[in-house]
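Engineer: One file: my_file-v9.txt (compact mmCIF, N, CA and C atoms).
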# COMPACT_ATOMS: atom_id res chain seq x y z
N ASN A 28 119.22 93.10 103.08
CA ASN A 28 119.39 91.97 102.21
C ASN A 28 118.04 91.62 101.61
N GLY A 29 117.91 91.76 100.31
CA GLY A 29 116.65 91.49 99.64
C GLY A 29 116.19 90.06 99.75
N ARG A 30 117.12 89.13 99.80
CA ARG A 30 116.75 87.72 99.91
C ARG A 30 116.06 87.44 101.25
N VAL A 31 116.60 88.02 102.31
CA VAL A 31 115.98 87.87 103.62
C VAL A 31 114.60 88.52 103.63
N ALA A 32 114.46 89.66 102.99
CA ALA A 32 113.17 90.34 102.91
C ALA A 32 112.12 89.45 102.25
N ILE A 33 112.49 88.76 101.19
CA ILE A 33 111.57 87.85 100.50
C ILE A 33 111.18 86.70 101.42
N GLU A 34 112.14 86.15 102.14
CA GLU A 34 111.86 85.05 103.06
C GLU A 34 110.89 85.49 104.16
N VAL A 35 111.12 86.67 104.73
CA VAL A 35 110.24 87.19 105.77
C VAL A 35 108.84 87.41 105.21
N LEU A 36 108.76 87.97 104.03
CA LEU A 36 107.46 88.23 103.40
C LEU A 36 106.71 86.93 103.13
N ASN A 37 107.40 85.90 102.69
CA ASN A 37 106.75 84.61 102.43
C ASN A 37 106.15 84.01 103.69
N ASP A 38 106.73 84.32 104.84
CA ASP A 38 106.21 83.83 106.12
C ASP A 38 105.18 84.76 106.73
N ASN A 39 105.01 85.96 106.18
CA ASN A 39 104.11 86.98 106.74
C ASN A 39 103.37 87.71 105.63
N VAL A 40 102.50 87.04 104.92
CA VAL A 40 101.83 87.65 103.77
C VAL A 40 100.74 88.64 104.17
N ASP A 41 100.52 88.83 105.47
CA ASP A 41 99.51 89.80 105.91
C ASP A 41 100.08 91.21 106.07
N ILE A 42 101.23 91.46 105.50
CA ILE A 42 101.86 92.78 105.53
C ILE A 42 101.07 93.74 104.65
N ASP A 43 100.88 94.98 105.13
CA ASP A 43 100.05 95.95 104.42
C ASP A 43 100.80 96.80 103.41
N ILE A 44 102.08 97.05 103.66
CA ILE A 44 102.87 97.92 102.77
C ILE A 44 104.35 97.59 102.96
N ILE A 45 105.11 97.77 101.91
CA ILE A 45 106.55 97.50 101.95
C ILE A 45 107.31 98.77 101.62
N LEU A 46 108.23 99.15 102.50
CA LEU A 46 109.18 100.22 102.20
C LEU A 46 110.45 99.51 101.74
N MET A 47 110.74 99.59 100.45
CA MET A 47 111.81 98.81 99.83
C MET A 47 113.06 99.65 99.63
N ASP A 48 114.09 99.37 100.42
CA ASP A 48 115.38 99.99 100.19
C ASP A 48 115.92 99.43 98.87
N ILE A 49 116.37 100.27 98.00
CA ILE A 49 116.83 99.81 96.69
C ILE A 49 118.25 99.27 96.74
N MET A 50 119.11 99.92 97.49
CA MET A 50 120.52 99.52 97.54
C MET A 50 120.78 98.61 98.74
N MET A 51 120.61 97.30 98.54
CA MET A 51 120.85 96.31 99.58
C MET A 51 121.86 95.28 99.08
N PRO A 52 122.57 94.66 100.01
CA PRO A 52 123.51 93.60 99.61
C PRO A 52 122.78 92.32 99.23
N VAL A 53 123.47 91.40 98.62
CA VAL A 53 123.01 90.07 98.21
C VAL A 53 121.95 90.16 97.12
N MET A 54 120.80 90.78 97.39
CA MET A 54 119.75 91.00 96.39
C MET A 54 119.25 92.42 96.57
N ASP A 55 119.32 93.24 95.52
CA ASP A 55 118.89 94.63 95.66
C ASP A 55 117.37 94.74 95.61
N GLY A 56 116.88 95.94 95.86
CA GLY A 56 115.45 96.19 95.90
C GLY A 56 114.76 96.03 94.56
N TYR A 57 115.47 96.23 93.48
CA TYR A 57 114.87 96.02 92.15
C TYR A 57 114.49 94.55 91.99
N GLU A 58 115.44 93.67 92.28
CA GLU A 58 115.20 92.23 92.12
C GLU A 58 114.15 91.74 93.11
N ALA A 59 114.24 92.21 94.35
CA ALA A 59 113.27 91.80 95.36
C ALA A 59 111.85 92.22 94.96
N THR A 60 111.71 93.42 94.43
CA THR A 60 110.40 93.91 93.99
C THR A 60 109.86 93.06 92.84
N LYS A 61 110.70 92.70 91.90
CA LYS A 61 110.26 91.84 90.79
C LYS A 61 109.69 90.53 91.32
N ILE A 62 110.36 89.95 92.30
CA ILE A 62 109.90 88.68 92.89
C ILE A 62 108.58 88.87 93.62
N ILE A 63 108.47 89.94 94.39
CA ILE A 63 107.23 90.22 95.12
C ILE A 63 106.06 90.40 94.16
N LYS A 64 106.27 91.15 93.11
CA LYS A 64 105.18 91.44 92.17
C LYS A 64 104.85 90.25 91.26
N ALA A 65 105.75 89.28 91.15
CA ALA A 65 105.49 88.08 90.36
C ALA A 65 104.75 87.02 91.16
N ASN A 66 104.68 87.18 92.47
CA ASN A 66 104.06 86.19 93.35
C ASN A 66 102.59 86.55 93.55
N LEU A 67 101.69 85.62 93.22
CA LEU A 67 100.25 85.89 93.35
C LEU A 67 99.84 86.23 94.78
N LYS A 68 100.56 85.72 95.78
CA LYS A 68 100.22 85.98 97.18
C LYS A 68 100.66 87.36 97.66
N THR A 69 101.63 87.97 96.97
CA THR A 69 102.19 89.23 97.46
C THR A 69 102.09 90.39 96.48
N LYS A 70 101.68 90.13 95.25
CA LYS A 70 101.71 91.19 94.23
C LYS A 70 100.79 92.36 94.54
N HIS A 71 99.78 92.16 95.39
CA HIS A 71 98.85 93.23 95.74
C HIS A 71 99.41 94.21 96.78
N ILE A 72 100.50 93.84 97.44
CA ILE A 72 101.07 94.69 98.50
C ILE A 72 101.79 95.88 97.87
N PRO A 73 101.42 97.10 98.25
CA PRO A 73 102.12 98.26 97.70
C PRO A 73 103.59 98.27 98.11
N VAL A 74 104.46 98.52 97.14
CA VAL A 74 105.89 98.61 97.39
C VAL A 74 106.33 100.04 97.12
N ILE A 75 106.86 100.68 98.16
CA ILE A 75 107.35 102.04 98.05
C ILE A 75 108.87 101.99 98.01
N ALA A 76 109.45 102.43 96.92
CA ALA A 76 110.91 102.45 96.78
C ALA A 76 111.48 103.57 97.64
N VAL A 77 112.52 103.24 98.40
CA VAL A 77 113.24 104.21 99.22
C VAL A 77 114.69 104.18 98.76
N THR A 78 115.16 105.29 98.20
CA THR A 78 116.49 105.27 97.62
C THR A 78 117.19 106.62 97.70
N ALA A 79 118.50 106.57 97.71
CA ALA A 79 119.30 107.80 97.66
C ALA A 79 119.41 108.32 96.24
N LYS A 80 119.06 107.50 95.27
CA LYS A 80 119.10 107.91 93.87
C LYS A 80 117.84 108.70 93.55
N ALA A 81 118.00 109.96 93.25
CA ALA A 81 116.84 110.85 93.14
C ALA A 81 116.61 111.41 91.73
N MET A 82 117.33 110.91 90.75
CA MET A 82 117.14 111.41 89.39
C MET A 82 115.85 110.82 88.81
N GLU A 83 115.28 111.49 87.82
CA GLU A 83 114.02 111.04 87.23
C GLU A 83 114.14 109.64 86.64
N HIS A 84 115.28 109.32 86.01
CA HIS A 84 115.42 107.98 85.43
C HIS A 84 115.53 106.92 86.53
N ASP A 85 116.02 107.28 87.72
CA ASP A 85 116.05 106.35 88.84
C ASP A 85 114.63 106.05 89.31
N LYS A 86 113.81 107.09 89.40
CA LYS A 86 112.41 106.91 89.77
C LYS A 86 111.71 106.02 88.76
N GLN A 87 111.93 106.27 87.49
CA GLN A 87 111.28 105.47 86.45
C GLN A 87 111.71 104.01 86.52
N LYS A 88 112.97 103.76 86.83
CA LYS A 88 113.45 102.38 86.94
C LYS A 88 112.71 101.64 88.06
N THR A 89 112.49 102.32 89.21
CA THR A 89 111.77 101.66 90.30
C THR A 89 110.33 101.35 89.89
N LEU A 90 109.71 102.25 89.17
CA LEU A 90 108.34 102.01 88.71
C LEU A 90 108.29 100.90 87.66
N ASP A 91 109.30 100.85 86.81
CA ASP A 91 109.36 99.82 85.77
C ASP A 91 109.48 98.41 86.34
N VAL A 92 110.15 98.25 87.49
CA VAL A 92 110.30 96.91 88.07
C VAL A 92 109.09 96.53 88.92
N GLY A 93 108.16 97.48 89.14
CA GLY A 93 106.93 97.13 89.84
C GLY A 93 106.66 97.90 91.12
N CYS A 94 107.57 98.78 91.53
CA CYS A 94 107.28 99.59 92.71
C CYS A 94 106.06 100.46 92.44
N ASP A 95 105.27 100.68 93.46
CA ASP A 95 104.05 101.45 93.29
C ASP A 95 104.26 102.94 93.51
N ASP A 96 105.32 103.29 94.23
CA ASP A 96 105.62 104.69 94.50
C ASP A 96 107.10 104.80 94.83
N PHE A 97 107.55 106.03 95.08
CA PHE A 97 108.98 106.31 95.19
C PHE A 97 109.19 107.46 96.16
N ILE A 98 110.21 107.35 97.01
CA ILE A 98 110.63 108.48 97.84
C ILE A 98 112.15 108.42 97.93
N SER A 99 112.77 109.59 97.86
CA SER A 99 114.23 109.63 97.90
C SER A 99 114.72 110.03 99.29
N LYS A 100 115.93 109.60 99.59
CA LYS A 100 116.60 109.95 100.85
C LYS A 100 117.33 111.28 100.63
N PRO A 101 117.51 112.07 101.64
CA PRO A 101 117.06 111.84 103.01
C PRO A 101 115.54 111.98 103.11
N LEU A 102 114.95 111.11 103.91
CA LEU A 102 113.49 111.09 104.02
C LEU A 102 112.98 112.30 104.77
N LYS A 103 111.87 112.81 104.28
CA LYS A 103 111.13 113.85 104.99
C LYS A 103 109.89 113.15 105.52
N MET A 104 109.80 113.06 106.85
CA MET A 104 108.78 112.22 107.48
C MET A 104 107.36 112.58 107.04
N ASP A 105 107.06 113.86 106.88
CA ASP A 105 105.70 114.24 106.47
C ASP A 105 105.38 113.73 105.08
N ILE A 106 106.35 113.73 104.19
CA ILE A 106 106.13 113.22 102.83
C ILE A 106 105.98 111.70 102.87
N LEU A 107 106.86 111.02 103.62
CA LEU A 107 106.76 109.57 103.74
C LEU A 107 105.41 109.16 104.32
N LEU A 108 104.99 109.81 105.38
CA LEU A 108 103.70 109.47 105.99
C LEU A 108 102.54 109.74 105.05
N GLY A 109 102.63 110.78 104.25
CA GLY A 109 101.60 111.06 103.26
C GLY A 109 101.51 109.97 102.21
N ILE A 110 102.66 109.49 101.74
CA ILE A 110 102.68 108.42 100.75
C ILE A 110 102.10 107.14 101.34
N VAL A 111 102.56 106.79 102.54
CA VAL A 111 102.06 105.57 103.19
C VAL A 111 100.55 105.67 103.41
N LYS A 112 100.10 106.79 103.91
CA LYS A 112 98.67 106.98 104.15
C LYS A 112 97.85 106.83 102.87
N SER A 113 98.36 107.40 101.78
CA SER A 113 97.62 107.33 100.52
C SER A 113 97.48 105.89 100.01
N TRP A 114 98.47 105.04 100.29
CA TRP A 114 98.41 103.65 99.85
C TRP A 114 97.60 102.77 100.79
N LEU A 115 97.44 103.18 102.04
CA LEU A 115 96.73 102.35 103.00
C LEU A 115 95.25 102.69 103.08
N GLU A 116 94.84 103.81 102.50
CA GLU A 116 93.43 104.20 102.54
C GLU A 116 92.62 103.48 101.49
Translate this structure into structure tokens?
Structural biologist:
Amino acid sequence: NGRVAIEVLNDNVDIDIILMDIMMPVMDGYEATKIIKANLKTKHIPVIAVTAKAMEHDKQKTLDVGCDDFISKPLKMDILLGIVKSWLE
């Protein structure tokens, strides 16, 4: 639930990175990312889109709403860890 994610983030702004599921109930990852990136307290946190939608236009949509990177499901742990590491260094 994207709305719950925003509430948790507002109470914990010391988070280093966000793995954002795109397909969530109530508020999807696109909307949640827009809110995160519009907030001065959270816009610096890297948001990595995690989605089953793997087409190029799906990737572009995640980047357009403010996600910093993208990985498609099913996740390959070595690729995910490489992306996370690159954003945390």
Engineer: Could you state the separation of atom C of Lys68 in chain A and CA of Asp105 in chain A in Å, given to one decimal place?
Structural biologist: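 One can read the atom C of Lys68 in chain A to CA of Asp105 in chain A distance as 28.7 Å.
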Engineer: Please report the interatomic distance between atom C of Phe97 in chain A and CA of Gly56 in chain A in Å with one decimal.
Structural biologist: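 Taking atom C of Phe97 in chain A as the start and CA of Gly56 in chain A as the end point, the length is 12.9 Å.
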Engineer: Quick one: of A:Leu90, A:Ile98, A:Met54, A:Leu46, who's nearest to Val74 in chain A, counting only C-alpha atoms?
Structural biologist: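 Smallest distance to Val74 in chain A is found for A:Leu46.
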Engineer: As a ChimeraX atom specification, please: every residue in range 34-95 of chain A that a backbone DSSP assignment puts in strand (DSSP E or B).
Structural biologist: /A:45-48,74-78
Engineer: Got time to write the residues from that selection, N, CA and C atoms, as a PDB file, in the frame of the given file?
Structural biologist:
ATOM      1  N   ILE A  45     105.110  97.770 101.910  1.00  0.00           N
ATOM      2  CA  ILE A  45     106.550  97.500 101.950  1.00  0.00           C
ATOM      3  C   ILE A  45     107.310  98.770 101.620  1.00  0.00           C
ATOM      4  N   LEU A  46     108.230  99.150 102.500  1.00  0.00           N
ATOM      5  CA  LEU A  46     109.180 100.220 102.200  1.00  0.00           C
ATOM      6  C   LEU A  46     110.450  99.510 101.740  1.00  0.00           C
ATOM      7  N   MET A  47     110.740  99.590 100.450  1.00  0.00           N
ATOM      8  CA  MET A  47     111.810  98.810  99.830  1.00  0.00           C
ATOM      9  C   MET A  47     113.060  99.650  99.630  1.00  0.00           C
ATOM     10  N   ASP A  48     114.090  99.370 100.420  1.00  0.00           N
ATOM     11  CA  ASP A  48     115.380  99.990 100.190  1.00  0.00           C
ATOM     12  C   ASP A  48     115.920  99.430  98.870  1.00  0.00           C
ATOM     13  N   VAL A  74     104.460  98.520  97.140  1.00  0.00           N
ATOM     14  CA  VAL A  74     105.890  98.610  97.390  1.00  0.00           C
ATOM     15  C   VAL A  74     106.330 100.040  97.120  1.00  0.00           C
ATOM     16  N   ILE A  75     106.860 100.680  98.160  1.00  0.00           N
ATOM     17  CA  ILE A  75     107.350 102.040  98.050  1.00  0.00           C
ATOM     18  C   ILE A  75     108.870 101.990  98.010  1.00  0.00           C
ATOM     19  N   ALA A  76     109.450 102.430  96.920  1.00  0.00           N
ATOM     20  CA  ALA A  76     110.910 102.450  96.780  1.00  0.00           C
ATOM     21  C   ALA A  76     111.480 103.570  97.640  1.00  0.00           C
ATOM     22  N   VAL A  77     112.520 103.240  98.400  1.00  0.00           N
ATOM     23  CA  VAL A  77     113.240 104.210  99.220  1.00  0.00           C
ATOM     24  C   VAL A  77     114.690 104.180  98.760  1.00  0.00           C
ATOM     25  N   THR A  78     115.160 105.290  98.200  1.00  0.00           N
ATOM     26  CA  THR A  78     116.490 105.270  97.620  1.00  0.00           C
ATOM     27  C   THR A  78     117.190 106.620  97.700  1.00  0.00           C
TER      28      THR A  78
END
Engineer: CA of Gly109 in chain A to CA of Asn66 in chain A: how many Å, to one decimal?
Structural biologist: 26.9 Å
Engineer: Enumerate as a VMD selection string all residues of chain A assigned to helix (DSSP H, G or I) by DSSP on the backbone, naming them with the chain letters and numbers the document uses.
Structural biologist: chain A and resid 29 to 38 56 to 65 83 to 91 104 to 115
Engineer: When distances are computed from all atoms listed in the file, which of A:Ile72, A:Val77, A:Leu36, A:Val31 shows the smallest separation from Val53 in chain A?
Structural biologist: A:Val31
Engineer: Can you tell me which residues surround Ile75 in chain A at a distance of at most 7 Å, considering all atoms listed in the file, apart from same-chain residues fewer than 5 positions away, and format the answer as a PyMOL selection string?
Structural biologist: chain A and resi 44-48+94-98
Engineer: Of the candidates A:Ile33, A:Asp43, A:Asp38, A:Ile110, which one gets nearest to Ile63 in chain A if we count all atoms listed in the file?
Structural biologist: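 Looking at the shortest contact to Ile63 in chain A, the residue is A:Ile33.
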Engineer: Neighbours of Lys100 in chain A within 7 Å (all atoms listed in the file; same-chain residues fewer than 2 positions away dropped), as a PDB file with N, CA and C atoms, keeping the file's coordinate frame?
Structural biologist:
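Generated file (part_15.pdb):
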ATOM      1  N   VAL A  77     112.520 103.240  98.400  1.00  0.00           N
ATOM      2  CA  VAL A  77     113.240 104.210  99.220  1.00  0.00           C
ATOM      3  C   VAL A  77     114.690 104.180  98.760  1.00  0.00           C
ATOM      4  N   THR A  78     115.160 105.290  98.200  1.00  0.00           N
ATOM      5  CA  THR A  78     116.490 105.270  97.620  1.00  0.00           C
ATOM      6  C   THR A  78     117.190 106.620  97.700  1.00  0.00           C
ATOM      7  N   ALA A  79     118.500 106.570  97.710  1.00  0.00           N
ATOM      8  CA  ALA A  79     119.300 107.800  97.660  1.00  0.00           C
ATOM      9  C   ALA A  79     119.410 108.320  96.240  1.00  0.00           C
ATOM     10  N   LYS A  80     119.060 107.500  95.270  1.00  0.00           N
ATOM     11  CA  LYS A  80     119.100 107.910  93.870  1.00  0.00           C
ATOM     12  C   LYS A  80     117.840 108.700  93.550  1.00  0.00           C
ATOM     13  N   ALA A  81     118.000 109.960  93.250  1.00  0.00           N
ATOM     14  CA  ALA A  81     116.840 110.850  93.140  1.00  0.00           C
ATOM     15  C   ALA A  81     116.610 111.410  91.730  1.00  0.00           C
ATOM     16  N   ILE A  98     110.210 107.350  97.010  1.00  0.00           N
ATOM     17  CA  ILE A  98     110.630 108.480  97.840  1.00  0.00           C
ATOM     18  C   ILE A  98     112.150 108.420  97.930  1.00  0.00           C
ATOM     19  N   LEU A 102     114.950 111.110 103.910  1.00  0.00           N
ATOM     20  CA  LEU A 102     113.490 111.090 104.020  1.00  0.00           C
ATOM     21  C   LEU A 102     112.980 112.300 104.770  1.00  0.00           C
ATOM     22  N   LYS A 103     111.870 112.810 104.280  1.00  0.00           N
ATOM     23  CA  LYS A 103     111.130 113.850 104.990  1.00  0.00           C
ATOM     24  C   LYS A 103     109.890 113.150 105.520  1.00  0.00           C
TER      25      LYS A 103
END
